[in-house]
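Trainee: My structure file coords.txt, compact mmCIF, C-alpha atoms, is below:
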```txt
# COMPACT_ATOMS: atom_id res chain seq x y z
CA MET K 70 72.60 142.66 98.58
CA THR K 71 73.51 139.87 100.98
CA VAL K 72 76.48 139.79 103.31
CA LYS K 73 77.95 136.98 101.20
CA GLN K 74 77.83 139.16 98.10
CA ASP K 75 79.41 142.04 100.01
CA ILE K 76 82.26 139.81 101.10
CA LYS K 77 82.80 138.59 97.53
CA GLN K 78 82.90 142.15 96.21
CA ILE K 79 85.29 143.27 98.94
CA ALA K 80 87.57 140.32 98.24
CA ALA K 81 87.47 141.01 94.50
CA PHE K 82 88.21 144.72 94.92
CA THR K 83 90.99 143.97 97.42
CA ALA K 84 92.56 141.52 94.96
CA ARG K 85 92.27 144.14 92.19
CA ASN K 86 94.16 146.72 94.28
CA ILE K 87 96.85 144.21 95.24
CA ARG K 88 97.35 143.23 91.59
CA LEU K 89 97.64 146.89 90.59
CA PHE K 90 100.33 147.47 93.20
CA PHE K 91 102.45 144.46 92.26
CA LYS K 92 101.88 145.10 88.54
CA ASP K 93 103.68 148.42 88.92
CA LYS K 94 107.20 147.00 89.16
CA GLY K 95 108.74 150.38 90.00
CA MET K 96 106.41 150.93 92.94
CA PHE K 97 106.82 147.40 94.26
CA ILE K 98 110.61 147.27 93.90
CA GLY K 99 110.96 150.74 95.42
CA ALA K 100 108.83 149.81 98.44
CA LEU K 101 110.70 146.51 98.88
CA LEU K 102 114.21 147.86 98.42
CA SER K 103 113.77 150.84 100.73
CA PRO K 104 113.98 148.90 104.06
CA LEU K 105 116.60 146.52 102.64
CA ILE K 106 118.82 149.41 101.52
CA ILE K 107 118.53 151.08 104.93
CA MET K 108 119.51 147.78 106.55
CA VAL K 109 122.56 147.51 104.30
CA LEU K 110 123.54 151.11 105.07
CA TYR K 111 123.29 150.38 108.78
CA ALA K 112 125.52 147.34 108.37
CA LEU K 113 128.13 149.08 106.20
CA PHE K 114 128.38 152.54 107.71
CA LEU K 115 126.84 152.62 111.21
CA HIS K 116 127.57 149.19 112.64
CA ARG K 117 131.01 150.23 113.94
CA VAL K 118 129.58 153.45 115.38
CA PHE K 119 126.97 151.52 117.33
CA LEU K 120 129.62 149.06 118.50
CA GLN K 121 131.60 151.93 120.00
CA SER K 122 128.48 153.42 121.60
CA PHE K 123 127.49 150.11 123.17
CA ASP K 124 131.05 149.48 124.39
CA SER K 125 131.24 152.89 126.03
CA MET K 126 128.13 152.12 128.10
CA LEU K 127 129.51 148.82 129.40
CA GLN K 128 132.22 150.47 131.51
CA GLY K 129 135.20 148.91 129.74
CA VAL K 130 133.91 145.31 129.67
CA THR K 131 134.77 143.49 126.43
CA LEU K 132 131.89 141.33 125.26
CA ALA K 133 132.20 138.24 123.09
CA PRO K 134 131.95 139.10 119.36
CA LYS K 135 128.73 137.09 119.03
CA THR K 136 127.11 139.02 121.85
CA ILE K 137 128.03 142.56 120.86
CA ASN K 138 127.60 142.07 117.11
CA GLY K 139 124.27 140.30 117.53
CA LEU K 140 123.08 143.01 119.93
CA VAL K 141 123.97 145.80 117.50
CA ALA K 142 122.45 143.92 114.55
CA SER K 143 119.22 143.45 116.53
CA TYR K 144 119.13 147.17 117.27
CA GLU K 145 119.58 147.97 113.58
CA VAL K 146 116.93 145.53 112.36
CA SER K 147 114.37 146.68 114.95
CA SER K 148 114.96 150.28 113.82
CA VAL K 149 114.39 149.43 110.16
CA LEU K 150 111.21 147.44 110.84
CA ALA K 151 109.76 150.11 113.13
CA VAL K 152 110.03 152.67 110.32
CA CYS K 153 109.17 150.58 107.25
CA CYS K 154 105.90 149.33 108.78
CA VAL K 155 104.64 152.91 108.46
CA THR K 156 106.49 154.25 105.42
CA VAL K 157 105.62 151.24 103.25
CA ALA K 158 101.94 151.69 104.15
CA PHE K 159 101.98 155.19 102.63
CA VAL K 160 103.46 153.80 99.42
CA ALA K 161 100.88 151.01 99.38
CA ASN K 162 98.10 153.62 99.60
CA LEU K 163 99.16 155.19 96.30
CA ASN K 164 96.47 153.17 94.49
CA MET K 165 93.70 154.82 96.51
CA VAL K 166 94.95 158.30 95.61
CA ALA K 167 95.67 157.30 91.99
CA ASP K 168 92.08 156.11 91.54
CA LYS K 169 90.87 159.55 92.65
CA VAL K 170 93.25 161.34 90.29
CA ASN K 171 92.64 159.33 87.12
CA GLY K 172 88.90 159.00 87.67
CA SER K 173 88.88 155.24 88.18
CA ARG K 174 87.03 155.55 91.47
CA ALA K 175 84.25 157.56 89.83
CA ASP K 176 83.97 154.92 87.09
CA ILE K 177 83.77 152.13 89.66
CA THR K 178 80.99 153.87 91.60
CA VAL K 179 78.84 153.87 88.45
CA ALA K 180 78.44 150.14 88.99
CA PRO K 181 76.11 148.92 91.77
CA VAL K 182 78.90 148.79 94.34
CA LYS K 183 78.39 150.06 97.86
CA GLY K 184 80.79 152.65 99.25
CA HIS K 185 81.96 150.45 102.10
CA VAL K 186 83.10 147.84 99.56
CA LEU K 187 85.55 150.35 98.06
CA VAL K 188 86.72 151.61 101.44
CA LEU K 189 87.38 148.12 102.82
CA GLY K 190 88.95 147.01 99.54
CA TYR K 191 91.49 149.82 99.69
CA TYR K 192 92.15 149.24 103.38
CA PHE K 193 92.65 145.48 103.19
CA ALA K 194 94.84 145.77 100.09
CA THR K 195 97.07 148.32 101.83
CA ALA K 196 97.34 146.05 104.87
CA VAL K 197 98.23 142.98 102.78
CA VAL K 198 100.87 144.81 100.73
CA THR K 199 102.38 146.48 103.80
CA LEU K 200 102.61 143.26 105.80
CA ALA K 201 103.99 141.28 102.85
CA ILE K 202 106.87 143.71 102.32
CA CYS K 203 107.53 144.14 106.05
CA TYR K 204 107.68 140.38 106.61
CA ILE K 205 110.16 140.06 103.75
CA ALA K 206 112.27 142.73 105.45
CA MET K 207 111.87 140.88 108.76
CA ILE K 208 113.17 137.63 107.23
CA ALA K 209 116.14 139.51 105.75
CA GLY K 210 116.75 140.98 109.21
CA PHE K 211 116.67 137.55 110.83
CA CYS K 212 119.28 136.36 108.32
CA TYR K 213 121.48 139.35 109.12
CA ILE K 214 121.22 138.76 112.88
CA ALA K 215 121.93 135.04 112.42
CA GLY K 216 125.17 135.94 110.66
CA MET K 217 126.16 138.31 113.46
CA GLY K 218 125.12 136.35 116.54
CA TRP K 219 121.71 134.77 117.05
CA VAL K 220 120.32 134.29 120.58
CA MET K 221 116.56 134.78 120.05
CA THR K 222 114.23 132.08 121.32
CA ALA K 223 111.22 130.72 119.43
CA GLY K 224 108.96 132.75 121.72
CA GLU K 225 110.80 135.96 120.89
CA VAL K 226 110.58 135.20 117.16
CA PHE K 227 106.80 134.75 117.39
CA ALA K 228 106.60 137.95 119.46
CA VAL K 229 108.48 139.83 116.71
CA ILE K 230 106.06 138.44 114.11
CA LEU K 231 103.17 139.78 116.20
CA ASP K 232 104.97 143.12 116.67
CA VAL K 233 105.42 143.53 112.91
CA PHE K 234 101.76 142.70 112.37
CA LEU K 235 100.61 145.33 114.89
CA ALA K 236 103.07 147.92 113.55
CA GLY K 237 101.91 147.19 110.01
CA MET K 238 98.26 147.59 111.02
CA PHE K 239 99.13 150.86 112.75
CA GLY K 240 100.88 152.10 109.61
CA THR K 241 97.92 151.01 107.46
CA ALA K 242 95.38 152.79 109.65
CA LEU K 243 97.50 155.95 109.91
CA SER K 244 98.19 156.15 106.18
CA SER K 245 94.53 155.51 105.36
CA VAL K 246 93.43 158.45 107.51
CA VAL K 247 96.09 160.79 106.08
CA CYS K 248 95.68 159.70 102.45
CA TYR K 249 91.92 160.16 102.67
CA PHE K 250 92.50 163.92 102.32
CA LEU K 251 94.94 163.67 99.40
CA LYS K 252 93.70 164.14 95.86
CA SER K 253 96.90 164.31 93.80
CA GLN K 254 100.00 162.23 93.12
CA GLY K 255 102.12 165.17 94.22
CA GLY K 256 100.33 165.24 97.55
CA ILE K 257 100.96 161.59 98.35
CA SER K 258 104.58 161.89 97.17
CA ALA K 259 105.15 164.90 99.42
CA VAL K 260 103.51 163.24 102.42
CA SER K 261 105.46 160.00 101.86
CA THR K 262 108.72 161.96 101.73
CA ILE K 263 107.91 163.84 104.92
CA VAL K 264 106.90 160.66 106.74
CA ALA K 265 110.05 158.83 105.59
CA SER K 266 112.21 161.73 106.78
CA VAL K 267 110.55 162.49 110.10
CA TYR K 268 108.86 159.36 111.40
CA GLY K 269 112.06 157.50 112.25
CA PHE K 270 113.05 160.26 114.67
CA ILE K 271 109.68 160.81 116.38
CA CYS K 272 109.19 157.08 117.01
CA GLY K 273 112.67 156.60 118.51
CA ALA K 274 113.92 154.34 115.70
CA TYR K 275 116.79 156.45 114.36
CA TYR K 276 117.78 158.16 117.59
CA PRO K 277 117.37 156.83 121.15
CA ILE K 278 114.62 158.58 123.09
CA SER K 279 116.90 158.73 126.13
CA GLN K 280 119.17 161.13 124.22
CA PHE K 281 116.41 163.73 123.73
CA SER K 282 115.66 166.46 126.24
CA LYS K 283 113.25 165.47 129.01
CA GLY K 284 110.35 167.46 127.55
CA MET K 285 110.89 166.11 124.05
CA ALA K 286 111.27 162.55 125.35
CA ASN K 287 107.98 162.79 127.26
CA THR K 288 106.28 164.19 124.16
CA ILE K 289 107.57 161.34 121.99
CA MET K 290 106.38 158.85 124.60
CA CYS K 291 102.84 160.13 124.04
CA LEU K 292 102.93 158.96 120.41
CA PRO K 293 101.71 155.39 119.74
CA GLY K 294 104.37 154.73 117.11
CA THR K 295 106.99 154.88 119.87
CA TYR K 296 105.53 151.74 121.41
CA CYS K 297 105.78 149.86 118.12
CA THR K 298 109.51 150.61 118.26
CA GLY K 299 109.62 149.67 121.95
CA LEU K 300 108.04 146.27 121.34
CA LEU K 301 110.45 145.47 118.51
CA ARG K 302 113.43 146.60 120.61
CA THR K 303 112.27 144.49 123.55
CA HIS K 304 111.81 141.25 121.67
CA PHE K 305 114.87 141.65 119.45
CA MET K 306 117.36 142.73 122.13
CA SER K 307 116.27 141.49 125.57
CA GLY K 308 117.77 138.04 125.01
CA TYR K 309 121.27 139.51 124.98
CA ALA K 310 121.03 140.80 128.57
CA SER K 311 121.97 137.47 130.16
CA LEU K 312 124.84 136.97 127.70
CA MET K 313 126.28 140.36 128.59
CA THR K 314 126.21 139.39 132.25
CA VAL K 315 127.95 136.09 131.47
CA ASP K 316 130.63 138.03 129.57
CA GLY K 317 131.37 140.05 132.70
CA ALA K 318 129.21 143.14 132.39
CA GLN K 319 127.70 144.47 135.61
CA LYS K 320 123.92 144.34 135.92
CA ALA K 321 123.79 148.11 136.40
CA ALA K 322 125.75 148.64 133.18
CA VAL K 323 123.50 146.22 131.28
CA ASP K 324 120.37 147.95 132.58
CA GLY K 325 121.86 151.30 131.64
CA LEU K 326 122.54 150.12 128.09
CA LEU K 327 119.06 148.66 127.68
CA THR K 328 117.52 151.89 129.00
CA GLY K 329 119.82 154.09 126.92
CA PHE K 330 118.83 152.31 123.71
CA ASP K 331 115.09 152.13 124.46
CA VAL K 332 114.81 148.43 125.21
CA LYS K 333 113.37 149.58 128.53
CA LEU K 334 111.01 152.54 128.14
CA SER K 335 109.77 154.83 130.88
CA PHE K 336 106.83 157.22 130.77
CA PHE K 337 107.21 160.16 133.16
CA GLY K 338 109.51 158.04 135.33
CA SER K 339 107.41 154.84 135.29
CA ASP K 340 108.60 151.73 133.44
CA VAL K 341 106.40 150.68 130.53
CA LYS K 342 105.74 146.94 130.40
CA ALA K 343 105.29 144.98 127.16
CA TRP K 344 101.58 144.37 127.82
CA ALA K 345 101.06 148.13 128.21
CA MET K 346 102.79 148.75 124.86
CA TYR K 347 100.56 146.16 123.19
CA LEU K 348 97.53 147.87 124.72
CA VAL K 349 98.58 151.33 123.50
CA VAL K 350 99.28 150.16 119.93
CA THR K 351 96.06 148.11 119.74
CA CYS K 352 93.98 151.05 121.01
CA ALA K 353 95.72 153.40 118.56
CA VAL K 354 94.90 151.08 115.64
CA ALA K 355 91.26 150.81 116.79
CA VAL K 356 90.92 154.60 117.14
CA LEU K 357 92.47 155.28 113.71
CA ILE K 358 90.22 152.70 112.05
CA ALA K 359 87.19 154.26 113.76
CA VAL K 360 88.25 157.71 112.52
CA PHE K 361 88.72 156.38 108.98
CA VAL K 362 85.28 154.75 109.00
CA LEU K 363 83.66 157.86 110.48
CA MET K 364 85.21 160.10 107.81
CA ASN K 365 83.83 157.89 105.05
CA VAL K 366 80.38 157.72 106.64
CA LEU K 367 80.19 161.50 107.04
CA ASN K 368 81.39 162.01 103.49
CA LYS K 369 78.70 159.64 102.18
CA LYS K 370 76.00 161.51 104.11
CA ARG K 371 77.26 164.84 102.77
CA LYS K 372 77.17 163.58 99.18
CA THR K 373 73.68 162.14 99.71
CA LYS K 374 72.44 165.47 101.05
CA VAL K 375 73.97 167.33 98.10
```
Translate this file's structure into structure tokens.
Mentor:
Amino acid sequence: MTVKQDIKQIAAFTARNIRLFFKDKGMFIGALLSPLIIMVLYALFLHRVFLQSFDSMLQGVTLAPKTINGLVASYEVSSVLAVCCVTVAFVANLNMVADKVNGSRADITVAPVKGHVLVLGYYFATAVVTLAICYIAMIAGFCYIAGMGWVMTAGEVFAVILDVFLAGMFGTALSSVVCYFLKSQGGISAVSTIVASVYGFICGAYYPISQFSKGMANTIMCLPGTYCTGLLRTHFMSGYASLMTVDGAQKAAVDGLLTGFDVKLSFFGSDVKAWAMYLVVTCAVAVLIAVFVLMNVLNKKRKTKV
């Protein structure tokens, strides 16, 4: 079989998995509405709480409504995107587990299709579905921030687009490794629930890392998902720093706020630059993909030996 034929089969199997996902309206709508609902809940119930928290860190300085509301909205949107890039990937991987459960994968392997075609087809389909839904959530977030107080530059917008792509690829690789071991619908449902409940806290999206104990904060800083959140925070919120200074806030207070809400991250006392965060996330994606490929290769060899 030529490389061209392999590519055609991978593309066809990827398209099949994408169609199956979007054909299931309940799965698609659930995955799409989840980040949007969280964003609405932030806006309705937590926006005022965050306003008070931000005000308390500015030492009594009253910021312009555009500045403070836009800053809080950016914090909320970055939190939602940091989480949904991973949680949506687990939902998108339901097709891979479903094919194992209902026997579709065994039926497919009867045909002259190489194992790597199936593996790549599942992986690429999960990535496409995850990124599509996350970019829809990102656009909704941009609209929300624009209504509150937009200050982002074109460069920051493109940086956010890149951040969502990397976070989505991280979520795809992580979910592919985890879902490889699952062989039932109940298993994927349980794992998806656990990830949705826990991930937002261990990546610093739902609760600022600076508010954890020192040991816990250092532990969380060792997890690559934290740097996905850090990148989104940086490119969503950094533009408001100069506006806060113009509105009368002291530089020390502004730096304290940015540090307190994870716009500026530190690892064992050393500041983490954006390029270092990109490096960590990229390496994490590469390692997870390598692990996923290795697991499939070893499994193929084991089946061949049997």
Trainee: Which residues are near Tyr144 (chain K)? Cut-off 12 Å, only C-alpha atoms, ignore same chain within fewer than 3 positions. Put them as a PyMOL selection string.
Mentor: chain K and resi 108+111-112+115-116+119-120+123+137-141+147-151+210-211+213-214+217+273-277+298-307+309+326-327+329-332
Trainee: Quick one, how far is CA of Pro104 (chain K) from CA of Cys153 (chain K)?
Mentor: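 Result for CA of Pro104 (chain K) versus CA of Cys153 (chain K): 6.0 Å, one decimal.
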Trainee: Find the residues around Thr314 (chain K) up to 12 Å (only C-alpha atoms counted), leave out those fewer than 2 positions away in its own chain, and share them as a ChimeraX atom specification.
Mentor: /K:127,130-133,136-137,308-312,316-324
Trainee: Pick from K:Cys272, K:Ser335, K:Ile87, K:Cys248: nearest to Ala201 (chain K), with all atoms listed in the file counted?
Mentor: K:Ile87
Trainee: Would you mind reading off the distance between CA of Val166 (chain K) and CA of Ser103 (chain K), one decimal, in Å?
Mentor: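 Going from CA of Val166 (chain K) over to CA of Ser103 (chain K) covers 20.9 Å.
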Trainee: Between CA of Val220 (chain K) and CA of Gln121 (chain K), what is the spacing in Å?
Mentor: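 Atom-to-atom, CA of Gln121 (chain K) to CA of Val220 (chain K), that is 20.9 Å.
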Trainee: Which neighbours of Leu102 (chain K) fall inside 12 Å, counting all atoms listed in the file, when residues of the same chain fewer than 4 positions from it are skipped, and could you give them as a JSON list (two decimals) with C-alpha atoms, in the frame of the given file?
Mentor:
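What follows is the written file around.json:
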```json
[["chain", "number", "residue", "atom", "x", "y", "z"],
["K", 94, "LYS", "CA", 107.20, 147.00, 89.16],
["K", 95, "GLY", "CA", 108.74, 150.38, 90.00],
["K", 96, "MET", "CA", 106.41, 150.93, 92.94],
["K", 97, "PHE", "CA", 106.82, 147.40, 94.26],
["K", 98, "ILE", "CA", 110.61, 147.27, 93.90],
["K", 106, "ILE", "CA", 118.82, 149.41, 101.52],
["K", 107, "ILE", "CA", 118.53, 151.08, 104.93],
["K", 108, "MET", "CA", 119.51, 147.78, 106.55],
["K", 109, "VAL", "CA", 122.56, 147.51, 104.30],
["K", 110, "LEU", "CA", 123.54, 151.11, 105.07],
["K", 149, "VAL", "CA", 114.39, 149.43, 110.16],
["K", 153, "CYS", "CA", 109.17, 150.58, 107.25],
["K", 157, "VAL", "CA", 105.62, 151.24, 103.25],
["K", 202, "ILE", "CA", 106.87, 143.71, 102.32],
["K", 203, "CYS", "CA", 107.53, 144.14, 106.05],
["K", 205, "ILE", "CA", 110.16, 140.06, 103.75],
["K", 206, "ALA", "CA", 112.27, 142.73, 105.45],
["K", 209, "ALA", "CA", 116.14, 139.51, 105.75]]
```
Trainee: Residues near Leu348 (chain K), anyone? I mean within 12 Å using all atoms listed in the file, not counting same-chain ones fewer than 3 positions away, as a list in words.
Mentor: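 Counting all atoms listed in the file, the residues come to Asp232, Leu235, Pro293, Tyr296, Cys297, Leu300, Val341, Lys342, Ala343, Trp344, Ala345, Thr351, Cys352, Ala353, Val354 and Ala355 of chain K.
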Trainee: Those same residues, written as an mmCIF file, in the frame of the given file with C-alpha atoms?
Mentor:
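part.cif written:
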```cif
data_model
loop_
_atom_site.group_PDB
_atom_site.id
_atom_site.type_symbol
_atom_site.label_atom_id
_atom_site.label_comp_id
_atom_site.auth_asym_id
_atom_site.auth_seq_id
_atom_site.Cartn_x
_atom_site.Cartn_y
_atom_site.Cartn_z
ATOM 1 C CA ASP K 232 104.970 143.120 116.670
ATOM 2 C CA LEU K 235 100.610 145.330 114.890
ATOM 3 C CA PRO K 293 101.710 155.390 119.740
ATOM 4 C CA TYR K 296 105.530 151.740 121.410
ATOM 5 C CA CYS K 297 105.780 149.860 118.120
ATOM 6 C CA LEU K 300 108.040 146.270 121.340
ATOM 7 C CA VAL K 341 106.400 150.680 130.530
ATOM 8 C CA LYS K 342 105.740 146.940 130.400
ATOM 9 C CA ALA K 343 105.290 144.980 127.160
ATOM 10 C CA TRP K 344 101.580 144.370 127.820
ATOM 11 C CA ALA K 345 101.060 148.130 128.210
ATOM 12 C CA THR K 351 96.060 148.110 119.740
ATOM 13 C CA CYS K 352 93.980 151.050 121.010
ATOM 14 C CA ALA K 353 95.720 153.400 118.560
ATOM 15 C CA VAL K 354 94.900 151.080 115.640
ATOM 16 C CA ALA K 355 91.260 150.810 116.790
#
```
Trainee: Counting all atoms listed in the file, which of K:Phe239, K:Phe361, K:Trp219, K:Phe337 gets nearest to Ser143 (chain K)?
Mentor: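 For Ser143 (chain K), the nearest of the candidates is K:Trp219.
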Trainee: With distances taken over all atoms listed in the file, which residue among K:Ser282, K:Val197, K:Met207, K:Val356 lies nearest Arg88 (chain K)?
Mentor: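 The closest residue to Arg88 (chain K) is K:Val197.
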Trainee: Find, counting all atoms listed in the file, the residue in K:Val118, K:Leu101, K:Ala167, K:Ala215 that gets nearest to Asn86 (chain K).
Mentor: K:Ala167
Trainee: Calculated over all atoms listed in the file, which of the candidates K:Leu292, K:Val247, K:Ile278, K:Met364 has the smallest distance to Met346 (chain K)?
Mentor: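 For Met346 (chain K), the nearest of the candidates is K:Leu292.
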Trainee: Of the residues K:Leu367, K:Cys154, K:Leu334, K:Ile76, which is the one nearest to Gly190 (chain K), using only C-alpha atoms?
Mentor: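 Among K:Leu367, K:Cys154, K:Leu334, K:Ile76, it is K:Ile76 that comes nearest to Gly190 (chain K).
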Trainee: I want to know what sits within 8 Å of Val160 (chain K), based on all atoms listed in the file, with residues of the same chain fewer than 2 positions away left out; could you give that as a PDB file with C-alpha atoms, keeping the file's coordinate frame?
Mentor:
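Once everything was written out, this is part_38.pdb:
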```pdb
ATOM      1  CA  MET K  96     106.410 150.930  92.940  1.00  0.00           C
ATOM      2  CA  ALA K 100     108.830 149.810  98.440  1.00  0.00           C
ATOM      3  CA  THR K 156     106.490 154.250 105.420  1.00  0.00           C
ATOM      4  CA  VAL K 157     105.620 151.240 103.250  1.00  0.00           C
ATOM      5  CA  ALA K 158     101.940 151.690 104.150  1.00  0.00           C
ATOM      6  CA  ASN K 162      98.100 153.620  99.600  1.00  0.00           C
ATOM      7  CA  LEU K 163      99.160 155.190  96.300  1.00  0.00           C
ATOM      8  CA  SER K 261     105.460 160.000 101.860  1.00  0.00           C
TER       9      SER K 261
END
```
